>>> print(open('my_file09.cif').read())   # mmCIF, C-alpha atoms
data_entry
#
loop_
_atom_site.label_atom_id
_atom_site.label_comp_id
_atom_site.auth_asym_id
_atom_site.auth_seq_id
_atom_site.Cartn_x
_atom_site.Cartn_y
_atom_site.Cartn_z
CA MET A 10 106.07 120.06 89.03
CA ILE A 11 108.32 117.11 88.26
CA ALA A 12 111.21 118.80 90.13
CA LEU A 13 108.92 119.21 93.16
CA LEU A 14 107.92 115.57 92.94
CA LEU A 15 111.52 114.39 92.75
CA MET A 16 112.36 116.56 95.75
CA GLY A 17 109.44 115.07 97.73
CA PHE A 18 110.41 111.51 96.87
CA GLY A 19 114.05 112.36 97.65
CA ILE A 20 113.06 113.56 101.13
CA VAL A 21 111.08 110.35 101.76
CA ALA A 22 114.10 108.28 100.71
CA LEU A 23 116.42 110.36 102.90
CA ILE A 24 114.14 109.84 105.90
CA GLN A 25 113.89 106.06 105.50
CA ILE A 26 116.99 104.63 103.81
CA PRO A 27 119.82 105.61 106.25
CA GLY A 28 117.97 103.99 109.18
CA LEU A 29 117.33 100.79 107.25
CA ILE A 30 121.00 100.53 106.19
CA LYS A 31 122.17 101.19 109.75
CA LYS A 32 119.94 98.40 111.08
CA GLN A 33 120.96 96.16 108.14
CA TRP A 34 117.30 95.51 107.32
CA TRP A 35 117.98 94.52 103.72
CA ARG A 36 114.58 92.92 103.07
CA GLU A 37 112.81 96.04 104.38
CA LEU A 38 115.10 98.20 102.24
CA ALA A 39 114.27 96.14 99.14
CA CYS A 40 110.50 96.38 99.80
CA PHE A 41 110.75 100.09 100.48
CA THR A 42 112.74 100.64 97.26
CA VAL A 43 110.27 98.67 95.12
CA LEU A 44 107.20 100.49 96.53
CA TRP A 45 108.96 103.86 96.43
CA SER A 46 110.00 103.29 92.79
CA ILE A 47 106.45 102.30 91.74
CA GLY A 48 105.14 105.45 93.46
CA LEU A 49 107.78 107.60 91.79
CA VAL A 50 107.12 106.24 88.28
CA LEU A 51 103.33 106.59 88.61
CA SER A 52 103.62 110.10 90.07
CA VAL A 53 105.94 111.27 87.28
CA MET A 54 103.52 109.79 84.71
CA LEU A 55 100.64 111.72 86.33
CA ALA A 56 102.72 114.91 86.44
CA MET A 57 103.49 114.50 82.74
CA GLY A 58 99.77 114.36 82.02
CA ILE A 59 99.65 110.64 81.20
CA THR A 60 96.22 109.27 82.15
CA LEU A 61 96.34 106.14 84.29
CA PRO A 62 93.43 103.68 83.99
CA PRO A 63 90.69 104.58 86.53
CA VAL A 64 90.45 101.40 88.64
CA SER A 65 86.97 101.91 90.10
CA THR A 66 85.56 102.79 86.67
CA MET A 67 87.01 99.54 85.31
CA ILE A 68 85.52 97.55 88.21
CA ASN A 69 82.27 99.43 87.63
CA GLN A 70 82.15 98.39 83.96
CA TYR A 71 83.15 94.79 84.73
CA ILE A 72 80.52 94.26 87.46
CA SER A 73 77.84 96.15 85.47
CA GLY A 74 78.48 93.85 82.50
CA MET A 75 78.49 90.73 84.69
CA PHE A 76 75.21 91.47 86.50
CA GLY A 77 73.52 93.50 83.75
CA ILE A 78 73.09 96.54 86.02
CA MET B 18 105.18 90.22 116.40
CA LEU B 19 105.21 93.33 114.21
CA GLU B 20 102.92 95.32 116.52
CA LYS B 21 103.86 95.43 120.18
CA GLY B 22 101.07 97.80 121.23
CA ARG B 23 97.92 96.58 122.97
CA ILE B 24 94.50 98.23 123.16
CA SER B 25 91.56 97.67 125.50
CA SER B 26 88.13 96.55 124.35
CA PHE B 27 86.80 100.04 125.14
CA GLN B 28 89.44 101.64 122.91
CA LEU B 29 88.58 99.16 120.16
CA SER B 30 84.88 100.06 120.45
CA VAL B 31 85.55 103.80 120.25
CA LEU B 32 87.94 103.37 117.30
CA LEU B 33 85.36 101.22 115.51
CA VAL B 34 82.61 103.82 116.11
CA GLY B 35 84.91 106.44 114.54
CA PHE B 36 85.71 104.13 111.65
CA VAL B 37 82.04 103.42 110.90
CA LEU B 38 81.09 107.09 111.18
CA GLY B 39 84.04 107.86 108.85
CA SER B 40 82.72 109.13 105.52
CA SER B 41 79.12 108.14 106.38
CA ILE B 42 79.05 111.23 108.57
CA ILE B 43 78.47 113.34 105.45
CA ILE B 44 77.31 110.76 102.90
CA THR B 45 74.46 109.46 105.05
CA PRO B 46 74.05 105.85 103.93
CA GLY B 47 70.74 104.56 102.57
CA GLY B 48 70.14 107.80 100.67
CA ASP B 49 68.42 105.97 97.80
CA ALA B 50 65.67 104.92 100.24
CA GLY B 51 64.63 108.59 100.56
CA HIS B 52 62.73 109.33 103.77
CA ASP B 53 62.85 105.61 104.68
CA ALA B 54 66.66 105.74 104.89
CA TRP B 55 66.52 105.27 108.67
CA ILE B 56 64.72 101.93 108.17
CA ALA B 57 67.37 100.91 105.62
CA ILE B 58 70.09 101.84 108.13
CA ALA B 59 68.39 99.78 110.87
CA LEU B 60 68.13 96.76 108.56
CA GLY B 61 71.68 97.35 107.30
CA LEU B 62 72.90 97.45 110.90
CA MET B 63 71.40 94.00 111.45
CA GLU B 64 73.07 92.58 108.33
CA GLY B 65 76.34 94.35 109.19
CA SER B 66 76.25 92.92 112.71
CA LEU B 67 75.80 89.39 111.32
CA ILE B 68 78.77 89.93 109.01
CA ALA B 69 80.80 91.26 111.95
CA LEU B 70 79.92 88.08 113.89
CA ILE B 71 81.61 86.04 111.15
CA PHE B 72 84.93 87.86 111.11
CA THR B 73 85.13 88.37 114.88
CA ALA B 74 84.44 84.64 115.41
CA LEU B 75 87.24 83.89 112.94
CA VAL B 76 89.86 86.22 114.45
CA LEU B 77 89.01 85.46 118.07
CA ARG B 78 89.30 81.72 117.31
CA PHE B 79 92.97 82.29 116.49
CA LYS B 80 94.11 84.39 119.44
CA ASP B 81 96.74 87.09 118.76
CA LYS B 82 96.73 86.42 115.00
CA THR B 83 95.76 88.77 112.20
CA ILE B 84 93.86 87.60 109.10
CA ILE B 85 97.19 87.34 107.20
CA GLU B 86 98.57 84.78 109.66
CA ILE B 87 95.18 83.03 109.82
CA ASN B 88 95.06 82.68 106.01
CA ASP B 89 98.52 81.05 106.08
CA LEU B 90 97.38 78.58 108.74
CA VAL B 91 94.03 77.74 107.12
CA PHE B 92 94.91 77.68 103.40
CA GLY B 93 98.65 77.01 103.46
CA LYS B 94 101.44 79.39 102.53
CA VAL B 95 100.74 79.88 98.80
CA ILE B 96 96.92 80.13 98.66
CA GLY B 97 96.93 81.89 102.03
CA LYS B 98 99.24 84.60 100.71
CA LEU B 99 97.10 85.02 97.57
CA ILE B 100 93.96 85.51 99.67
CA SER B 101 95.86 87.91 101.93
CA VAL B 102 96.89 89.97 98.89
CA LEU B 103 93.20 90.21 97.91
CA PHE B 104 92.41 91.60 101.37
CA LEU B 105 95.30 94.07 101.12
CA TRP B 106 93.99 95.27 97.76
CA TYR B 107 90.56 95.81 99.33
CA PHE B 108 92.01 97.83 102.23
CA LEU B 109 94.14 99.93 99.86
CA HIS B 110 91.25 100.52 97.46
CA LEU B 111 88.82 101.34 100.26
CA GLY B 112 91.36 103.80 101.66
CA ALA B 113 91.58 105.44 98.23
CA LEU B 114 87.76 105.60 98.01
CA VAL B 115 87.56 107.34 101.41
CA LEU B 116 90.25 109.78 100.22
CA ASN B 117 88.09 110.34 97.12
CA ASP B 118 85.03 111.10 99.27
CA TYR B 119 87.19 113.45 101.28
CA VAL B 120 88.57 115.36 98.33
CA HIS B 121 85.30 115.53 96.38
CA PHE B 122 83.47 116.91 99.43
CA PHE B 123 86.04 119.60 100.16
CA ARG B 124 86.39 120.57 96.49
CA LEU B 125 82.62 120.85 96.05
CA GLU B 126 81.76 122.61 99.30
CA LEU B 127 84.77 124.37 100.82
CA TYR B 128 87.97 124.67 98.80
CA PRO B 129 87.08 124.69 95.09
CA ALA B 130 90.42 126.21 94.06
CA THR B 131 92.74 123.99 96.10
CA PRO B 132 94.41 121.23 94.04
CA ARG B 133 93.31 117.69 94.90
CA THR B 134 96.90 116.53 95.29
CA VAL B 135 97.61 119.09 98.01
CA MET B 136 94.56 118.05 100.04
CA LEU B 137 95.36 114.36 99.64
CA LEU B 138 99.00 114.79 100.64
CA ILE B 139 98.13 116.81 103.74
CA ILE B 140 95.63 114.26 105.11
CA MET B 141 97.91 111.37 104.13
CA LEU B 142 100.89 112.85 105.98
CA VAL B 143 98.80 113.18 109.15
CA CYS B 144 97.53 109.61 108.81
CA ALA B 145 101.02 108.22 108.05
CA SER B 146 102.42 110.01 111.09
CA THR B 147 99.72 108.47 113.31
CA VAL B 148 100.15 104.97 111.87
CA ASN B 149 103.91 105.31 112.43
CA ARG B 150 103.18 105.69 116.15
CA GLY B 151 101.30 102.39 116.24
CA ILE B 152 97.85 101.12 117.11
CA GLU B 153 97.91 102.52 120.67
CA ALA B 154 98.35 106.11 119.41
CA LEU B 155 95.58 105.60 116.87
CA ALA B 156 93.22 104.24 119.51
CA ARG B 157 94.04 107.13 121.88
CA CYS B 158 93.28 109.65 119.09
CA SER B 159 89.85 108.07 118.72
CA LEU B 160 89.20 108.46 122.46
CA ILE B 161 89.40 112.24 122.02
CA LEU B 162 87.87 112.65 118.56
CA VAL B 163 84.89 110.27 118.62
CA PRO B 164 83.16 111.66 121.77
CA LEU B 165 83.67 115.19 120.41
CA THR B 166 82.14 114.24 117.06
CA ILE B 167 79.13 112.51 118.62
CA SER B 168 78.60 115.53 120.91
CA VAL B 169 78.63 117.86 117.89
CA ILE B 170 76.12 115.64 116.05
CA PHE B 171 73.75 115.77 119.05
CA LEU B 172 74.29 119.52 119.45
CA VAL B 173 73.41 120.38 115.86
CA THR B 174 70.48 117.95 116.01
CA MET B 175 69.14 119.83 119.06
CA PHE B 176 69.52 123.13 117.18
CA LEU B 177 67.59 121.65 114.26
CA ILE B 178 64.61 120.42 116.31
CA PRO B 179 62.59 123.63 115.64
CA HIS B 180 62.99 122.95 111.90
CA PHE B 181 61.73 119.36 112.14
CA ASN B 182 58.64 118.46 110.15
CA LEU B 183 57.87 114.87 111.10
CA ASN B 184 55.32 114.65 108.29
CA ASN B 185 58.36 114.47 106.01
CA LEU B 186 58.96 110.95 107.36
CA MET B 187 55.49 109.79 106.27
CA PRO B 188 54.33 107.49 104.81
CA ILE B 189 56.59 104.95 106.50
CA LEU B 190 57.69 101.99 104.33
CA ASP B 191 56.65 103.77 101.17
CA LEU B 192 59.29 101.84 99.24
CA PRO B 193 58.94 98.55 97.30
CA ILE B 194 60.39 95.78 99.47
CA GLY B 195 63.07 94.87 96.89
CA LYS B 196 64.39 98.42 96.77
CA LEU B 197 64.37 98.67 100.57
CA LEU B 198 66.32 95.42 100.93
CA TRP B 199 68.87 96.53 98.32
CA SER B 200 69.22 99.81 100.16
CA ALA B 201 69.67 97.93 103.44
CA HIS B 202 72.36 95.74 101.88
CA SER B 203 74.15 98.77 100.50
CA VAL B 204 74.09 100.27 104.02
CA ALA B 205 75.47 97.01 105.43
CA SER B 206 78.35 97.03 102.92
CA PHE B 207 79.01 100.74 103.48
CA PRO B 208 79.76 101.44 106.30
CA PHE B 209 79.01 98.60 108.75
CA ALA B 210 80.69 95.60 107.11
CA GLU B 211 83.70 97.70 106.13
CA SER B 212 84.70 97.06 109.74
CA VAL B 213 86.12 93.81 108.32
CA VAL B 214 89.43 95.73 108.29
CA PHE B 215 89.46 95.17 112.05
CA VAL B 216 90.62 91.61 111.29
CA MET B 217 94.02 93.34 111.36
CA ILE B 218 93.41 94.96 114.75
CA LEU B 219 91.39 92.51 116.88
CA ALA B 220 94.60 90.53 117.47
CA PHE B 221 95.99 93.40 119.57
CA LEU B 222 93.24 93.39 122.17
CA ASN B 223 94.61 92.97 125.68
CA LYS B 224 91.58 90.82 126.59
CA SER B 225 90.63 89.02 123.41
CA GLU B 226 87.54 87.38 124.93
CA LYS B 227 85.88 90.81 125.06
CA GLY B 228 86.38 91.45 121.33
CA GLY B 229 82.99 90.18 120.16
CA ARG B 230 81.02 92.34 122.59
CA ALA B 231 83.21 95.37 121.84
CA VAL B 232 82.54 95.09 118.10
CA SER B 233 78.77 94.59 118.57
CA LYS B 234 78.49 97.54 120.96
CA ALA B 235 80.43 99.80 118.59
CA LEU B 236 78.29 98.89 115.58
CA ILE B 237 75.07 99.50 117.54
CA ILE B 238 76.27 102.91 118.81
CA ALA B 239 77.43 103.99 115.34
CA GLY B 240 74.17 102.67 113.85
CA LEU B 241 72.07 104.67 116.32
CA VAL B 242 74.03 107.84 115.55
CA LEU B 243 73.49 107.30 111.82
CA ILE B 244 69.76 106.60 112.32
CA ILE B 245 69.39 109.84 114.32
CA ALA B 246 71.29 111.77 111.62
CA SER B 247 69.14 110.22 108.90
CA ILE B 248 65.82 111.01 110.67
CA ARG B 249 67.07 114.56 111.30
CA ASN B 250 68.02 115.08 107.65
CA SER B 251 64.71 113.72 106.34
CA ALA B 252 62.69 115.73 108.88
CA VAL B 253 64.48 118.95 107.93
CA LEU B 254 65.00 118.58 104.18
CA GLY B 255 61.87 116.60 103.29
CA PRO B 256 61.71 114.99 99.83
CA MET B 257 64.82 116.94 98.79
CA VAL B 258 66.95 114.70 101.05
CA ALA B 259 67.44 112.22 98.22
CA ALA B 260 68.59 114.98 95.86
CA TYR B 261 71.55 116.13 97.97
CA ASN B 262 74.93 114.42 97.85
CA TYR B 263 75.74 115.61 101.38
CA PRO B 264 72.37 115.86 103.21
CA SER B 265 73.86 116.40 106.70
CA TYR B 266 75.84 119.39 105.41
CA GLN B 267 72.72 120.83 103.75
CA ALA B 268 70.47 120.24 106.77
CA VAL B 269 72.82 121.97 109.21
CA GLN B 270 72.96 125.04 106.92
CA VAL B 271 69.36 125.70 108.00
CA ILE B 272 70.40 126.52 111.58
CA ASP B 273 70.07 130.23 112.33
CA ILE B 274 69.64 131.19 115.96
CA ARG B 275 69.04 134.94 116.20
CA ASP B 276 71.74 135.60 113.57
CA ILE B 277 74.37 134.51 116.09
CA PHE B 278 74.68 130.77 115.52
CA THR B 279 74.79 130.52 111.74
CA ARG B 280 76.96 128.70 109.19
CA LEU B 281 77.30 125.78 111.60
CA GLU B 282 77.75 123.41 108.64
CA ILE B 283 81.48 123.88 109.17
CA LEU B 284 81.02 121.63 112.22
CA VAL B 285 79.89 118.84 109.88
CA ALA B 286 82.99 119.43 107.77
CA ILE B 287 85.19 119.28 110.89
CA ASN B 288 83.48 116.04 111.93
CA PHE B 289 84.28 114.62 108.52
CA ILE B 290 87.93 115.70 108.78
CA THR B 291 88.34 113.93 112.13
CA MET B 292 86.36 110.77 111.34
CA GLY B 293 87.82 110.59 107.83
CA PHE B 294 91.28 110.80 109.39
CA LEU B 295 90.46 107.85 111.69
CA LYS B 296 89.06 105.76 108.85
CA ILE B 297 91.95 106.42 106.47
CA SER B 298 94.47 105.77 109.27
CA VAL B 299 92.87 102.42 110.17
CA LEU B 300 92.87 101.38 106.49
CA LEU B 301 96.48 102.49 106.00
CA TYR B 302 97.45 100.66 109.17
CA GLY B 303 95.70 97.47 108.00
CA THR B 304 97.38 97.67 104.59
CA VAL B 305 100.94 98.27 105.80
CA LEU B 306 100.76 95.79 108.67
CA GLY B 307 99.30 93.15 106.35
CA LEU B 308 101.86 93.81 103.63
CA ALA B 309 104.69 93.59 106.17
CA GLN B 310 103.32 90.24 107.36
CA VAL B 311 102.92 88.91 103.81
CA LEU B 312 106.53 89.93 103.01
CA ASN B 313 107.90 88.72 106.37
CA LEU B 314 109.30 92.12 107.31
CA GLN B 315 110.58 92.96 110.78
CA SER B 316 108.64 96.22 110.91
CA TYR B 317 105.80 97.81 108.97
CA ARG B 318 107.09 101.34 109.57
CA PRO B 319 109.51 101.61 106.60
CA ILE B 320 106.68 101.00 104.11
CA ILE B 321 104.10 103.43 105.57
CA LEU B 322 105.10 106.39 103.39
CA PRO B 323 105.43 104.49 100.07
CA VAL B 324 102.08 102.72 100.63
CA GLY B 325 100.52 106.05 101.62
CA ILE B 326 101.80 107.56 98.36
CA LEU B 327 100.32 104.63 96.40
CA MET B 328 96.98 105.17 98.17
CA VAL B 329 97.07 108.84 97.15
CA ILE B 330 97.90 107.92 93.52
CA LEU B 331 95.03 105.42 93.50
CA ALA B 332 92.72 108.12 94.88
CA LEU B 333 93.83 110.54 92.17
CA THR B 334 93.22 108.05 89.35
CA ASN B 335 90.41 105.94 90.88
CA VAL B 336 87.44 107.60 89.18
CA ALA B 337 87.11 110.14 86.42
CA ASN B 338 84.60 112.42 88.21
CA THR B 339 82.22 112.81 91.18
CA ILE B 340 79.27 111.26 89.31
CA GLU B 341 81.28 108.10 88.65
CA LEU B 342 82.31 107.99 92.30
CA PHE B 343 78.66 108.12 93.46
CA ASP B 344 77.69 105.61 90.77
CA PHE B 345 80.36 103.21 92.02
CA THR B 346 79.51 103.77 95.69
CA HIS B 347 75.75 103.28 95.32
CA LYS B 348 75.40 100.68 92.56
CA ILE B 349 78.59 98.64 92.33
CA TYR B 350 80.27 98.74 95.75
CA PRO B 351 77.56 96.64 97.51
CA ILE B 352 78.36 93.82 95.05
CA TYR B 353 82.12 94.41 94.81
CA ALA B 354 82.55 94.28 98.61
CA VAL B 355 80.68 90.98 99.15
CA PRO B 356 83.68 88.63 98.60
CA PHE B 357 85.90 90.61 101.00
CA GLN B 358 83.27 91.26 103.66
CA ILE B 359 81.32 87.99 103.64
CA ILE B 360 82.48 85.19 101.34
CA ILE B 361 86.22 84.94 102.14
CA PRO B 362 85.87 85.31 105.96
CA LEU B 363 82.95 82.82 105.97
CA ILE B 364 84.84 80.22 103.90
CA THR B 365 87.93 80.70 106.10
CA LEU B 366 85.84 80.21 109.26
CA ILE B 367 84.16 77.07 107.87
CA ILE B 368 87.49 75.53 106.79
CA ALA B 369 89.06 76.41 110.16
CA LYS B 370 86.17 74.63 111.93
CA LEU B 371 86.33 71.60 109.63
CA ARG B 372 90.10 71.33 110.06
CA GLN B 373 89.72 72.00 113.79
CA LEU B 374 92.20 74.85 113.65
CA PRO B 375 94.06 76.22 115.50
CA LYS B 376 95.58 73.01 116.81
CA THR B 377 97.19 72.94 120.24
CA ASP B 378 100.17 70.68 121.04
CA GLY B 379 97.90 67.69 121.68
CA GLY B 380 96.08 68.24 118.41
CA ILE B 381 92.87 69.35 120.12
CA PRO B 382 91.56 72.77 119.17
#
>>> encode(input="my_file09.cif", output="structure tokens")
Amino acid sequence: MIALLLMGFGIVALIQIPGLIKKQWWRELACFTVLWSIGLVLSVMLAMGITLPPVSTMINQYISGMFGI
Amino acid sequence: MLEKGRISSFQLSVLLVGFVLGSSIIITPGGDAGHDAWIAIALGLMEGSLIALIFTALVLRFKDKTIIEINDLVFGKVIGKLISVLFLWYFLHLGALVLNDYVHFFRLELYPATPRTVMLLIIMLVCASTVNRGIEALARCSLILVPLTISVIFLVTMFLIPHFNLNNLMPILDLPIGKLLWSAHSVASFPFAESVVFVMILAFLNKSEKGGRAVSKALIIAGLVLIIASIRNSAVLGPMVAAYNYPSYQAVQVIDIRDIFTRLEILVAINFITMGFLKISVLLYGTVLGLAQVLNLQSYRPIILPVGILMVILALTNVANTIELFDFTHKIYPIYAVPFQIIIPLITLIIAKLRQLPKTDGGIP
């Protein structure tokens, strides 16, 4: 599963990075790399079975507590 | 400008109809009002139209500018960027919620054995590919898909007429007024006022002065379609309408014309695929264009895939199960969405008026 993930992320990087380097869009390259890295880390965590905090459930609890719903 | 494409007011209207129909095509809004759901939708349409007046007035005041640029002008660079990030979070989260609706529906009704990740990746790749081609391609897709979807809704409604029992709609206004108003507000927040994401698209109208009318027309058309669907579902399913998660899907299952036209509920699923695609694409487009503007990028295209992946991850981890998703959608979302749909655009509009923005060279707005 993790090998598949790495392959998928590798393909995305291969599609985007050469074009950005050719155009010398360094800022775009930096943003792409940061977002791509966050995606990669979170995906690997999910693939390893690590549970990420459910955002809507947290919002649900926060708003329920605030308004006493 | 990051987006060079331009769309007509007609294209904007059709895209907005598709966006509003989006996931509400299967999760008919106002479900907690039971057989009075159509009244809740009508009231919600009125509230949603008022909300749309606020954000269209704001965007059309600053011609050719998206909400990200408007926030910078009205609040200054730092606070403006912070407010813009809040909007981007809302678009990303809403996109993930629509993906959730998508996946939960298909897992429950059609593909119980297919992994969620596979479904999410397939729809996201299609959406990313469309967004990569720009707003014009997205608008042209809607020109084909929305008329088809509305035709299918009318077709299945015609087929269902023999199964109508109008007594199922009686007694009218059987609901306590407080519950009806809450239901109407929840309909306004989902789906009508979600059109606030068009603050990222209205700037690309070729004739900006027609934007207000285009938005109003689209909301009314989408509202009428939803009212018809709601009356149809209540008339066919009766009191059970409130018990189903996907009443349109259940109602269409009843169609059986001489054993030839049966299992037409797949048409409802196809409608959801097409309208869901439009809604997710618009939200992805709003998120990536906004993020590119916040970060001063030369193009939004390089970040489409990474942001799409983040939207998929958020959809995978957003809620623990279907019950929590429905709980969030029905009870919490109408409150959660208020700052993004009403408060921030209204405050921005008031400040822009007080500061007489945008200023022309002579300082006169």
>>> residues_around(input="my_file09.cif", residues="B:Thr279", least_positions_apart="6", cutoff="10 Å", atoms="all atoms listed in the file", output="PyMOL selection string")
chain B and resi 269-273
>>> resolve_selection(input="my_file09.cif", expression="the PyMOL selection byres ((chain B) within 8 of (chain A))", output="list in words")
Leu314, Gln315, Ser316, Pro319, Ile320, Leu322, Pro323, Val324, Ile326, Leu327, Ile330, Leu331, Thr334, Asn335, Val336, Ala337, Glu341, Leu342, Phe345, Ile349, Ile352 and Tyr353 of chain B
>>> resolve_selection(input="my_file09.cif", expression="the PyMOL selection byres ((chain B and resi 37) around 9)", output="JSON, numbers by chain")
{"B": [32, 33, 34, 35, 36, 38, 39, 40, 41, 42, 207, 208, 209, 210, 211, 212, 235, 236, 239, 240, 292, 296]}
>>> atom_distance(input="my_file09.cif", atom1="atom CA of B:Ser203", atom2="atom CA of B:Leu162")
26.6 Å
>>> atom_distance(input="my_file09.cif", atom1="atom CA of B:Ala205", atom2="atom CA of B:Leu67")
9.6 Å
>>> resolve_selection(input="my_file09.cif", expression="the PyMOL selection byres ((chain B and resi 75) around 9)", output="list in words")
Leu70, Ile71, Phe72, Thr73, Ala74, Val76, Leu77, Arg78, Phe79, Ile84, Ile87, Val216, Pro362, Leu363, Thr365, Leu366 and Ala369 of chain B
>>> closest_residue(input="my_file09.cif", among="B:Leu192, B:Tyr317, B:Ile368, B:Val143", to="B:Gly93", atoms="only C-alpha atoms")
B:Ile368
>>> closest_residue(input="my_file09.cif", among="B:Asn117, B:Ser206, B:Ile161, B:Asn313", to="B:Ile340", atoms="only C-alpha atoms")
B:Asn117
>>> closest_residue(input="my_file09.cif", among="B:Ala59, B:Leu29, B:Leu19, B:Ile244", to="B:Gly307", atoms="all atoms listed in the file")
B:Leu19
>>> closest_residue(input="my_file09.cif", among="B:Ile178, B:Ile85, B:Leu90, B:Ala57", to="B:Asp191", atoms="all atoms listed in the file")
B:Ala57
>>> residues_around(input="my_file09.cif", residues="B:Asp118", least_positions_apart="6", cutoff="10 Å", atoms="all atoms listed in the file", output="short mmCIF file (atom, residue, chain, number, x, y, z; two decimals) with C-alpha atoms, keeping the file's coordinate frame")
data_model
loop_
_atom_site.label_atom_id
_atom_site.label_comp_id
_atom_site.auth_asym_id
_atom_site.auth_seq_id
_atom_site.Cartn_x
_atom_site.Cartn_y
_atom_site.Cartn_z
CA SER B 40 82.72 109.13 105.52
CA SER B 41 79.12 108.14 106.38
CA ILE B 43 78.47 113.34 105.45
CA ILE B 44 77.31 110.76 102.90
CA GLY B 112 91.36 103.80 101.66
CA ARG B 124 86.39 120.57 96.49
CA PHE B 289 84.28 114.62 108.52
CA GLY B 293 87.82 110.59 107.83
CA ALA B 332 92.72 108.12 94.88
CA THR B 339 82.22 112.81 91.18
CA LEU B 342 82.31 107.99 92.30
CA PHE B 343 78.66 108.12 93.46
CA THR B 346 79.51 103.77 95.69
#
>>> residues_around(input="my_file09.cif", residues="A:Met10", least_positions_apart="5", cutoff="10 Å", atoms="all atoms listed in the file", output="VMD selection string")
chain A and resid 15 to 16 53 56 to 57
>>> residues_near_point(input="my_file09.cif", point="(69.0, 107.2, 105.5)", cutoff="8 Å", atoms="only C-alpha atoms", output="JSON, numbers by chain")
{"B": [45, 46, 47, 48, 49, 50, 51, 52, 53, 54, 55, 56, 57, 58, 243, 244, 246, 247, 248, 251]}
>>> axis_aligned_box(input="my_file09.cif", around="stretch 80-93 of chain B", padding_each_side="4 Å", output="JSON")
{"center_x": 96.3, "center_y": 82.9, "center_z": 111.4, "size_x": 12.8, "size_y": 19.8, "size_z": 24.0}
>>> residues_around(input="my_file09.cif", residues="stretch 134-136 of chain B", least_positions_apart="6", cutoff="8 Å", atoms="only C-alpha atoms", output="ChimeraX atom specification")
/B:120,329,333
>>> atom_distance(input="my_file09.cif", atom1="atom CA of B:Gly22", atom2="atom CA of B:Ile297")
19.4 Å
